[in-house]
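Chemist: Before I ask anything, here is the structure I am working with.
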Amino acid sequence: MSRKITRSVCPYDCPDACGLLIEVVDGKAVKVAGDPDHPFTRSTLCPKMNRYQDTVHSPLRLTRPLLRGGEKGTGQFHPISWEEAIDQIVNHWQGIIKRSGAEAILPYSYAGTMGLIQRNAGHPFFYRMGASRLERTICSPAKEAGWQTVMGNTPAPHPDEVAESDLVILWGINAVATNIHFLHGVKKARRKGAAVWLIDTYKTLTSSVVDQTYIVRPGSDGSLALGLMHLLVRNGLIDNDFLANYVQGFEELKEKILPDFPPEKVSRLTGLSPETLESMAKAYGRAKNPFIRLGSGLSRYGNGAMTIRTIVCLPALVGAYGKRGAGCFTGTSTAEAFAMGKVFQEDFMKGKTRIVNMNRIGWALNEIKDPAIQSLYVYSSNPAAVAPDQNQVLKGLAREDLFTVVHERFLTDTARYADIVLPATSSLEQSDLYRSYGTYCIQRAKPVIPPVGESKPNWDVFCLLARAMGFDEPFFRQTADDLIDHLFSLPAPMRNGIDQKAFAAGKAVEIPLPSDARIRFRTPSGKVEILNPKQSHSLPLYIPPYGGDEPFYLMAAPSFYALNSTFRERGDLRRKERGMLLKMNPADAEGKGLREGDPVIAFNRLGEVSFLLRVTPDVPQGVVVAEGIWWLEHSPGPRSVNALTSQRLTDQAHGSTFYDNTVDVRPLQRDF
Ligand code: SF4
């Protein structure tokens, strides 16, 4: 018997990017633990990953290429060889290219794995082919846009600095579910006497680890920030020296915008009382080191970028950006750590090709012409479940004239609609290079077990397809490890000072932050830009969200036991959620004549979805909450939550608006 413990990295779309220790016995992963040497993981994993071996060696893993044998969506397939699969795909594509051009082919992928190589492996291939390009904006581009408008490319503080704060504000983030390791620093701060607040649209699990929870109306967070700034000015709680030396546009904000946001008006917008607003502003203005951890959900509204921009201005008024343990943390950017152009290979594109926004895939599959999309290649994503406007997405995927290939580990909702399914490796079976968007760690991972069945990594499949398509660039002849070695051989100032030996040994290493990061703002003016003349609105202001006609705002929020639609193959995790629930306030339930446990239908102009009702005071009146994205096969009805979310985009950066939808609710009428 052979037994070995090897380092790896959690590949999922989570800011923590945990380090893993994998115990392998005779080629099988038998135990997964948090790496005690990882600077952020510190031995602990979230409940999703504690038994990652059950995902990796699940009996539901796809192990052979499959060819569709029944109607689309029914999941009827029979096994074929890899040679046959590649032949069929290439023959279909060559026919489409001859008839309609390569833009009739569309890749669809996102962050099913965060590894830089496997995640982006399709870019060079599809650029070389001349396919339509996918605008990958499903997550939080509006958040980035909001931060950049004020702070440019200024790096976020080190996340552990939160431990030095005396007032921590978790704003729009259910950190217990989505950023659990950040709470290590929050707990440290709390032990030293810091107050911890949660600002959110309902009481999430995170409200159990804070001192105070403030519930605001969906999409009103920007007005809250403006109202707090109004009160900071009115109460003389601003840092005039910092504003004079390091901030552009405070006087204009003070004169032109803030007078419009007195507490009475902000109370009407947010639902917080004027007295609460006064006490929040005083506590914030008097804190020595107030630290805001901003989530992503509040950027997924029609006003998302402006909301973030406005909140990001708040710390400037009290000089928090000049201090350790203070300021605003939206996420880290380590984009300059590696020359990613060498992975993307945009030069392979002969001319600029059509761009299709991934949030509008439902529209694109059904409406785009000249040429219509005739083939979809899906990898590291599950659009049938995770893309908005599920009815439109499924209608498009059901088209008989659409040739769909899905490269996956499981028979997901999307894979069920494929013509050909290719079995994919898990992160433990492939090489990759990871960086994090919640820490400054980078880490290299090598395979720790052989591929399960005949599964292959994204990288290897695109190399096979490239050869079969006759793409003779040497780029497609290298291995993933060759490319990682090459990236690492190229100099990048951001990596200066890292522990090279530890990195080569597969340990997580931290990129050092520049020593002057706190006062050298990487903006055109060199200052925090409350006033940004390049924007159509040169000053932050309040834009209402889209909203809708139905009586309840729908919070399509993250689950503690899943990550988007990932981990849904795991019955143990699904059972802990006790079904696909819709949470509703007791007064609203009473008004609708509904009771705990009732089967209900949430509906709007886009569709209807069955849930089990959970009646709870954790949700305010006028809001309903559906946590997690369920696969259709486990849903109580024929649709899951994204049948209720729209394809509308954010105010900037073409992001998704998953939180900006309304629904009505009725009891499910059972046929007897
Ligand atoms: S999902 Fe996030 S918290 Fe959980 S193990 Fe992975 S990186 Fe860590």
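Going through the structure tokens in order, the chains are called A, B, and so on, while each chain numbers its residues from 1 and the ligands are numbered from 1 in the order shown.
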Quick one: pick out all strand (DSSP E) residues within segment 430-551 of chain A from a backbone DSSP run and write them as a list in words.
Modeler: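 Everything in segment 430-551 of chain A that counts as strand (DSSP E) is Asp432, Leu433, Tyr434, Arg435, Cys441, Ile442, Gln443, Arg444, Ala445, Val509, Glu510, Val528 and Glu529 of chain A.
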Chemist: What's around segment 283-295 of chain A at 6 Å? Count only C-alpha atoms, leave out sequence neighbours fewer than 3 positions away in its own chain, and write the answer as a PyMOL selection string.
Modeler: chain A and resi 165-173+237+280+325-330
Chemist: Which residues are near ligand 1 in this structure, taking near to mean any atom at most 6 Å from a ligand atom and counting only C-alpha atoms and all ligand atoms? Format them as number ranges by chain.
Modeler: A: 10, 12, 14, 16-18, 45-46, 48-49, 180
Chemist: Mind writing the picked residues with N, CA, C and O atoms as a compact mmCIF listing (two decimals), in the first residue's frame?
Modeler:
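Below you can see selection28.txt, which holds the result:
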# COMPACT_ATOMS: atom_id res chain seq x y z
N CYS A 10 -7.43 24.69 -3.34
CA CYS A 10 -8.87 24.66 -3.64
C CYS A 10 -9.09 25.45 -4.94
O CYS A 10 -8.70 26.61 -5.02
N TYR A 12 -11.86 26.47 -6.41
CA TYR A 12 -13.19 27.04 -6.65
C TYR A 12 -13.22 28.56 -6.57
O TYR A 12 -12.28 29.19 -6.09
N CYS A 14 -13.82 31.30 -5.00
CA CYS A 14 -13.94 31.74 -3.61
C CYS A 14 -12.70 32.58 -3.33
O CYS A 14 -11.61 32.20 -3.77
N ASP A 16 -10.84 32.87 -0.87
CA ASP A 16 -9.85 32.35 0.08
C ASP A 16 -8.73 31.54 -0.58
O ASP A 16 -7.62 31.51 -0.07
N ALA A 17 -9.03 30.86 -1.70
CA ALA A 17 -8.02 30.05 -2.42
C ALA A 17 -7.19 29.20 -1.45
O ALA A 17 -5.96 29.31 -1.38
N CYS A 18 -7.88 28.37 -0.70
CA CYS A 18 -7.23 27.63 0.39
C CYS A 18 -6.15 26.66 -0.08
O CYS A 18 -6.25 26.07 -1.15
N LEU A 45 -10.83 24.24 6.60
CA LEU A 45 -11.53 24.35 5.32
C LEU A 45 -13.01 24.60 5.60
O LEU A 45 -13.49 24.36 6.70
N CYS A 46 -13.72 25.03 4.57
CA CYS A 46 -15.16 25.22 4.73
C CYS A 46 -15.85 23.85 4.61
O CYS A 46 -15.24 22.88 4.14
N LYS A 48 -17.82 22.70 2.53
CA LYS A 48 -17.92 22.20 1.15
C LYS A 48 -16.71 21.34 0.79
O LYS A 48 -16.82 20.36 0.06
N MET A 49 -15.54 21.76 1.30
CA MET A 49 -14.30 21.11 0.86
C MET A 49 -13.75 20.09 1.84
O MET A 49 -12.79 19.39 1.53
N ILE A 180 -14.88 32.68 4.62
CA ILE A 180 -14.84 32.29 6.04
C ILE A 180 -13.48 32.58 6.70
O ILE A 180 -13.42 32.93 7.88
Chemist: As an MDAnalysis selection string, please: the residues near Pro262 of chain A (cut-off 9 Å, only C-alpha atoms, same-chain neighbours under 2 positions excluded).
Modeler: chainID A and resid 226:228 230:231 258:260 264:267 274
Chemist: Could you tell me how far atom CA of Val233 of chain A sits from atom CA of His537 of chain A, in Å to one decimal place?
Modeler: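 Straight-line distance from atom CA of His537 of chain A to atom CA of Val233 of chain A works out to 21.7 Å.
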Chemist: As a ChimeraX atom specification, please: the residues near Tyr417 of chain A (cut-off 12 Å, only C-alpha atoms, same-chain neighbours under 3 positions excluded).
Modeler: /A:66-77,376-378,382-385,393-400,402-406,411-414,420-421
Chemist: Give me the residues near Ser375 of chain A as a PDB file with N, CA, C and O atoms, in the first residue's frame, where near means some atom within 12 Å (using only C-alpha atoms) and where sequence neighbours in that chain fewer than 4 positions away do not count.
Modeler:
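Result file is selection.pdb:
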ATOM      1  N   ILE A  89     -16.521  16.427 -33.206  1.00  0.00           N
ATOM      2  CA  ILE A  89     -16.534  17.870 -32.893  1.00  0.00           C
ATOM      3  C   ILE A  89     -15.894  18.646 -34.041  1.00  0.00           C
ATOM      4  O   ILE A  89     -16.448  19.629 -34.553  1.00  0.00           O
ATOM      5  N   VAL A  90     -14.731  18.183 -34.457  1.00  0.00           N
ATOM      6  CA  VAL A  90     -13.996  18.922 -35.499  1.00  0.00           C
ATOM      7  C   VAL A  90     -14.767  18.887 -36.822  1.00  0.00           C
ATOM      8  O   VAL A  90     -14.840  19.899 -37.532  1.00  0.00           O
ATOM      9  N   ASN A  91     -15.368  17.749 -37.152  1.00  0.00           N
ATOM     10  CA  ASN A  91     -16.162  17.687 -38.397  1.00  0.00           C
ATOM     11  C   ASN A  91     -17.325  18.672 -38.355  1.00  0.00           C
ATOM     12  O   ASN A  91     -17.584  19.379 -39.332  1.00  0.00           O
ATOM     13  N   HIS A  92     -18.018  18.717 -37.221  1.00  0.00           N
ATOM     14  CA  HIS A  92     -19.129  19.669 -37.093  1.00  0.00           C
ATOM     15  C   HIS A  92     -18.617  21.099 -37.251  1.00  0.00           C
ATOM     16  O   HIS A  92     -19.198  21.901 -37.969  1.00  0.00           O
ATOM     17  N   TRP A  93     -17.540  21.410 -36.530  1.00  0.00           N
ATOM     18  CA  TRP A  93     -17.037  22.787 -36.564  1.00  0.00           C
ATOM     19  C   TRP A  93     -16.549  23.168 -37.963  1.00  0.00           C
ATOM     20  O   TRP A  93     -16.812  24.278 -38.426  1.00  0.00           O
ATOM     21  N   GLN A  94     -15.856  22.245 -38.607  1.00  0.00           N
ATOM     22  CA  GLN A  94     -15.359  22.599 -39.946  1.00  0.00           C
ATOM     23  C   GLN A  94     -16.520  22.860 -40.908  1.00  0.00           C
ATOM     24  O   GLN A  94     -16.457  23.766 -41.746  1.00  0.00           O
ATOM     25  N   GLY A  95     -17.598  22.082 -40.753  1.00  0.00           N
ATOM     26  CA  GLY A  95     -18.784  22.317 -41.587  1.00  0.00           C
ATOM     27  C   GLY A  95     -19.396  23.683 -41.300  1.00  0.00           C
ATOM     28  O   GLY A  95     -19.750  24.432 -42.222  1.00  0.00           O
ATOM     29  N   ILE A  96     -19.504  24.027 -40.010  1.00  0.00           N
ATOM     30  CA  ILE A  96     -20.097  25.330 -39.627  1.00  0.00           C
ATOM     31  C   ILE A  96     -19.235  26.470 -40.155  1.00  0.00           C
ATOM     32  O   ILE A  96     -19.738  27.453 -40.719  1.00  0.00           O
ATOM     33  N   ILE A  97     -17.910  26.325 -40.000  1.00  0.00           N
ATOM     34  CA  ILE A  97     -17.003  27.401 -40.437  1.00  0.00           C
ATOM     35  C   ILE A  97     -17.131  27.601 -41.949  1.00  0.00           C
ATOM     36  O   ILE A  97     -17.177  28.732 -42.442  1.00  0.00           O
ATOM     37  N   SER A 100     -20.864  29.154 -42.456  1.00  0.00           N
ATOM     38  CA  SER A 100     -21.288  30.418 -41.832  1.00  0.00           C
ATOM     39  C   SER A 100     -20.152  31.225 -41.227  1.00  0.00           C
ATOM     40  O   SER A 100     -20.367  32.341 -40.751  1.00  0.00           O
ATOM     41  N   GLY A 101     -18.951  30.655 -41.200  1.00  0.00           N
ATOM     42  CA  GLY A 101     -17.829  31.355 -40.563  1.00  0.00           C
ATOM     43  C   GLY A 101     -17.701  30.951 -39.098  1.00  0.00           C
ATOM     44  O   GLY A 101     -18.659  30.481 -38.467  1.00  0.00           O
ATOM     45  N   ALA A 102     -16.495  31.173 -38.562  1.00  0.00           N
ATOM     46  CA  ALA A 102     -16.201  30.687 -37.204  1.00  0.00           C
ATOM     47  C   ALA A 102     -16.967  31.445 -36.123  1.00  0.00           C
ATOM     48  O   ALA A 102     -17.098  30.962 -34.997  1.00  0.00           O
ATOM     49  N   GLU A 103     -17.477  32.646 -36.439  1.00  0.00           N
ATOM     50  CA  GLU A 103     -18.223  33.387 -35.409  1.00  0.00           C
ATOM     51  C   GLU A 103     -19.542  32.695 -35.046  1.00  0.00           C
ATOM     52  O   GLU A 103     -20.196  33.079 -34.079  1.00  0.00           O
ATOM     53  N   ALA A 104     -19.925  31.701 -35.820  1.00  0.00           N
ATOM     54  CA  ALA A 104     -21.125  30.925 -35.476  1.00  0.00           C
ATOM     55  C   ALA A 104     -20.834  29.957 -34.333  1.00  0.00           C
ATOM     56  O   ALA A 104     -21.730  29.248 -33.865  1.00  0.00           O
ATOM     57  N   ILE A 105     -19.578  29.911 -33.888  1.00  0.00           N
ATOM     58  CA  ILE A 105     -19.193  29.036 -32.759  1.00  0.00           C
ATOM     59  C   ILE A 105     -18.892  29.927 -31.554  1.00  0.00           C
ATOM     60  O   ILE A 105     -18.226  30.954 -31.685  1.00  0.00           O
ATOM     61  N   LEU A 106     -19.406  29.534 -30.393  1.00  0.00           N
ATOM     62  CA  LEU A 106     -19.229  30.358 -29.184  1.00  0.00           C
ATOM     63  C   LEU A 106     -18.723  29.493 -28.034  1.00  0.00           C
ATOM     64  O   LEU A 106     -19.356  28.497 -27.689  1.00  0.00           O
ATOM     65  N   PRO A 107     -17.587  29.885 -27.403  1.00  0.00           N
ATOM     66  CA  PRO A 107     -17.194  29.208 -26.154  1.00  0.00           C
ATOM     67  C   PRO A 107     -17.987  29.794 -24.994  1.00  0.00           C
ATOM     68  O   PRO A 107     -18.394  30.971 -25.039  1.00  0.00           O
ATOM     69  N   TYR A 108     -18.226  29.009 -23.964  1.00  0.00           N
ATOM     70  CA  TYR A 108     -18.877  29.527 -22.752  1.00  0.00           C
ATOM     71  C   TYR A 108     -18.153  28.931 -21.557  1.00  0.00           C
ATOM     72  O   TYR A 108     -18.131  27.713 -21.371  1.00  0.00           O
ATOM     73  N   ALA A 131     -13.547  32.321 -33.454  1.00  0.00           N
ATOM     74  CA  ALA A 131     -14.907  32.154 -32.922  1.00  0.00           C
ATOM     75  C   ALA A 131     -15.404  33.459 -32.301  1.00  0.00           C
ATOM     76  O   ALA A 131     -14.617  34.385 -32.050  1.00  0.00           O
ATOM     77  N   SER A 132     -16.715  33.536 -32.044  1.00  0.00           N
ATOM     78  CA  SER A 132     -17.241  34.662 -31.260  1.00  0.00           C
ATOM     79  C   SER A 132     -16.564  34.646 -29.901  1.00  0.00           C
ATOM     80  O   SER A 132     -16.222  33.588 -29.373  1.00  0.00           O
ATOM     81  N   ALA A 364     -28.745  35.461 -26.700  1.00  0.00           N
ATOM     82  CA  ALA A 364     -27.816  35.177 -27.804  1.00  0.00           C
ATOM     83  C   ALA A 364     -28.178  33.870 -28.512  1.00  0.00           C
ATOM     84  O   ALA A 364     -28.167  33.804 -29.752  1.00  0.00           O
ATOM     85  N   LEU A 365     -28.514  32.846 -27.743  1.00  0.00           N
ATOM     86  CA  LEU A 365     -28.811  31.545 -28.367  1.00  0.00           C
ATOM     87  C   LEU A 365     -30.099  31.592 -29.194  1.00  0.00           C
ATOM     88  O   LEU A 365     -30.255  30.843 -30.156  1.00  0.00           O
ATOM     89  N   PRO A 371     -23.778  35.602 -38.077  1.00  0.00           N
ATOM     90  CA  PRO A 371     -24.463  34.324 -38.130  1.00  0.00           C
ATOM     91  C   PRO A 371     -25.099  33.990 -36.781  1.00  0.00           C
ATOM     92  O   PRO A 371     -24.622  34.456 -35.741  1.00  0.00           O
ATOM     93  N   GLY A 396     -32.837  27.964 -25.739  1.00  0.00           N
ATOM     94  CA  GLY A 396     -31.715  28.002 -26.682  1.00  0.00           C
ATOM     95  C   GLY A 396     -30.968  26.679 -26.725  1.00  0.00           C
ATOM     96  O   GLY A 396     -30.648  26.154 -27.797  1.00  0.00           O
ATOM     97  N   LEU A 397     -30.711  26.117 -25.521  1.00  0.00           N
ATOM     98  CA  LEU A 397     -29.957  24.854 -25.478  1.00  0.00           C
ATOM     99  C   LEU A 397     -30.738  23.710 -26.120  1.00  0.00           C
ATOM    100  O   LEU A 397     -30.141  22.733 -26.583  1.00  0.00           O
ATOM    101  N   ARG A 399     -32.392  23.848 -28.838  1.00  0.00           N
ATOM    102  CA  ARG A 399     -32.438  23.947 -30.311  1.00  0.00           C
ATOM    103  C   ARG A 399     -31.774  22.727 -30.953  1.00  0.00           C
ATOM    104  O   ARG A 399     -30.611  22.433 -30.675  1.00  0.00           O
ATOM    105  N   GLU A 400     -32.479  22.078 -31.839  1.00  0.00           N
ATOM    106  CA  GLU A 400     -31.924  20.893 -32.510  1.00  0.00           C
ATOM    107  C   GLU A 400     -30.762  21.274 -33.431  1.00  0.00           C
ATOM    108  O   GLU A 400     -29.869  20.471 -33.695  1.00  0.00           O
ATOM    109  N   ASP A 401     -30.762  22.529 -33.919  1.00  0.00           N
ATOM    110  CA  ASP A 401     -29.694  22.934 -34.847  1.00  0.00           C
ATOM    111  C   ASP A 401     -28.483  23.515 -34.112  1.00  0.00           C
ATOM    112  O   ASP A 401     -27.577  24.047 -34.742  1.00  0.00           O
ATOM    113  N   LEU A 402     -28.481  23.423 -32.785  1.00  0.00           N
ATOM    114  CA  LEU A 402     -27.321  23.900 -32.025  1.00  0.00           C
ATOM    115  C   LEU A 402     -26.471  22.693 -31.647  1.00  0.00           C
ATOM    116  O   LEU A 402     -26.961  21.776 -30.977  1.00  0.00           O
ATOM    117  N   PHE A 403     -25.203  22.696 -32.063  1.00  0.00           N
ATOM    118  CA  PHE A 403     -24.311  21.591 -31.732  1.00  0.00           C
ATOM    119  C   PHE A 403     -23.557  21.976 -30.459  1.00  0.00           C
ATOM    120  O   PHE A 403     -22.728  22.883 -30.460  1.00  0.00           O
ATOM    121  N   THR A 404     -23.885  21.288 -29.371  1.00  0.00           N
ATOM    122  CA  THR A 404     -23.342  21.671 -28.058  1.00  0.00           C
ATOM    123  C   THR A 404     -22.374  20.612 -27.539  1.00  0.00           C
ATOM    124  O   THR A 404     -22.694  19.412 -27.524  1.00  0.00           O
ATOM    125  N   VAL A 405     -21.217  21.079 -27.119  1.00  0.00           N
ATOM    126  CA  VAL A 405     -20.223  20.205 -26.489  1.00  0.00           C
ATOM    127  C   VAL A 405     -20.030  20.704 -25.056  1.00  0.00           C
ATOM    128  O   VAL A 405     -19.896  21.912 -24.836  1.00  0.00           O
ATOM    129  N   VAL A 406     -20.047  19.807 -24.098  1.00  0.00           N
ATOM    130  CA  VAL A 406     -19.851  20.196 -22.701  1.00  0.00           C
ATOM    131  C   VAL A 406     -18.723  19.347 -22.114  1.00  0.00           C
ATOM    132  O   VAL A 406     -18.765  18.113 -22.176  1.00  0.00           O
ATOM    133  N   ALA A 418     -26.225  18.469 -24.007  1.00  0.00           N
ATOM    134  CA  ALA A 418     -25.103  18.401 -24.943  1.00  0.00           C
ATOM    135  C   ALA A 418     -25.335  17.355 -26.030  1.00  0.00           C
ATOM    136  O   ALA A 418     -26.079  16.388 -25.841  1.00  0.00           O
ATOM    137  N   ASP A 419     -24.674  17.573 -27.165  1.00  0.00           N
ATOM    138  CA  ASP A 419     -24.593  16.526 -28.184  1.00  0.00           C
ATOM    139  C   ASP A 419     -23.435  15.599 -27.861  1.00  0.00           C
ATOM    140  O   ASP A 419     -23.513  14.395 -28.071  1.00  0.00           O
ATOM    141  N   ILE A 420     -22.358  16.217 -27.369  1.00  0.00           N
ATOM    142  CA  ILE A 420     -21.205  15.413 -26.922  1.00  0.00           C
ATOM    143  C   ILE A 420     -20.771  15.917 -25.554  1.00  0.00           C
ATOM    144  O   ILE A 420     -20.648  17.126 -25.335  1.00  0.00           O
TER     145      ILE A 420
END
Chemist: Give me, as a VMD selection string, all polymer residues having an atom no more than 8 Å from Leu428 of chain A, counting only C-alpha atoms and skipping those fewer than 5 positions away in the same chain.
Modeler: chain A and resid 8 56 446 to 449
Chemist: Could you pull the residues within 6 Å of segment 203-219 of chain A, counting only C-alpha atoms, minus those fewer than 3 positions along the same chain, as a list in words?
Modeler: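 Near segment 203-219 of chain A, the qualifying residues are Asn174, Val176, Val196, Trp197, Leu198, Ile199, Asp200, Thr270, Gly271, Pro545 and Asp618 of chain A.
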Chemist: Suppose we keep N, CA, C and O atoms; can you now write the selection as a short mmCIF file (atom, residue, chain, number, x, y, z; two decimals), in the first residue's frame?
Modeler:
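Heads up, here's the output in result-v9.cif:
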data_model
loop_
_atom_site.label_atom_id
_atom_site.label_comp_id
_atom_site.auth_asym_id
_atom_site.auth_seq_id
_atom_site.Cartn_x
_atom_site.Cartn_y
_atom_site.Cartn_z
N ASN A 174 -21.86 37.84 3.11
CA ASN A 174 -22.17 36.75 4.03
C ASN A 174 -20.87 35.96 4.19
O ASN A 174 -20.68 34.89 3.61
N VAL A 176 -19.52 34.19 6.43
CA VAL A 176 -19.54 32.81 6.95
C VAL A 176 -19.70 31.83 5.79
O VAL A 176 -19.12 30.73 5.79
N VAL A 196 -18.13 44.99 15.54
CA VAL A 196 -18.28 44.40 14.20
C VAL A 196 -19.73 44.54 13.77
O VAL A 196 -20.64 44.15 14.50
N TRP A 197 -19.92 45.14 12.60
CA TRP A 197 -21.27 45.33 12.06
C TRP A 197 -21.45 44.50 10.79
O TRP A 197 -20.48 44.27 10.04
N LEU A 198 -22.69 44.13 10.56
CA LEU A 198 -23.08 43.58 9.26
C LEU A 198 -24.13 44.50 8.67
O LEU A 198 -25.11 44.84 9.36
N ILE A 199 -23.93 44.92 7.42
CA ILE A 199 -24.97 45.66 6.70
C ILE A 199 -25.41 44.76 5.57
O ILE A 199 -24.59 44.37 4.72
N ASP A 200 -26.68 44.38 5.55
CA ASP A 200 -27.13 43.47 4.49
C ASP A 200 -28.63 43.61 4.30
O ASP A 200 -29.28 44.38 5.02
N THR A 270 -33.49 53.64 2.76
CA THR A 270 -32.82 52.43 3.27
C THR A 270 -33.69 51.63 4.22
O THR A 270 -33.46 50.42 4.40
N GLY A 271 -34.65 52.31 4.89
CA GLY A 271 -35.43 51.63 5.92
C GLY A 271 -34.81 51.75 7.31
O GLY A 271 -35.38 51.27 8.28
N PRO A 545 -32.13 51.17 -7.99
CA PRO A 545 -31.96 49.92 -8.75
C PRO A 545 -33.12 49.75 -9.74
O PRO A 545 -34.05 50.55 -9.74
N ASP A 618 -35.75 36.47 10.07
CA ASP A 618 -34.44 36.90 9.56
C ASP A 618 -34.58 37.68 8.25
O ASP A 618 -33.65 38.36 7.82
#
Chemist: For His158 of chain A, which residue out of A:Asp239, A:Glu577, A:Asp347, A:Glu510 is the nearest one, using only C-alpha atoms?
Modeler: A:Glu510
Chemist: Rank A:Val356, A:Leu232, A:Val600, A:Leu541 by their smallest atom-to-atom distance to Ser279 of chain A, using only C-alpha atoms, and report the top residue only.
Modeler: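 For Ser279 of chain A, the nearest of the candidates is A:Leu232.
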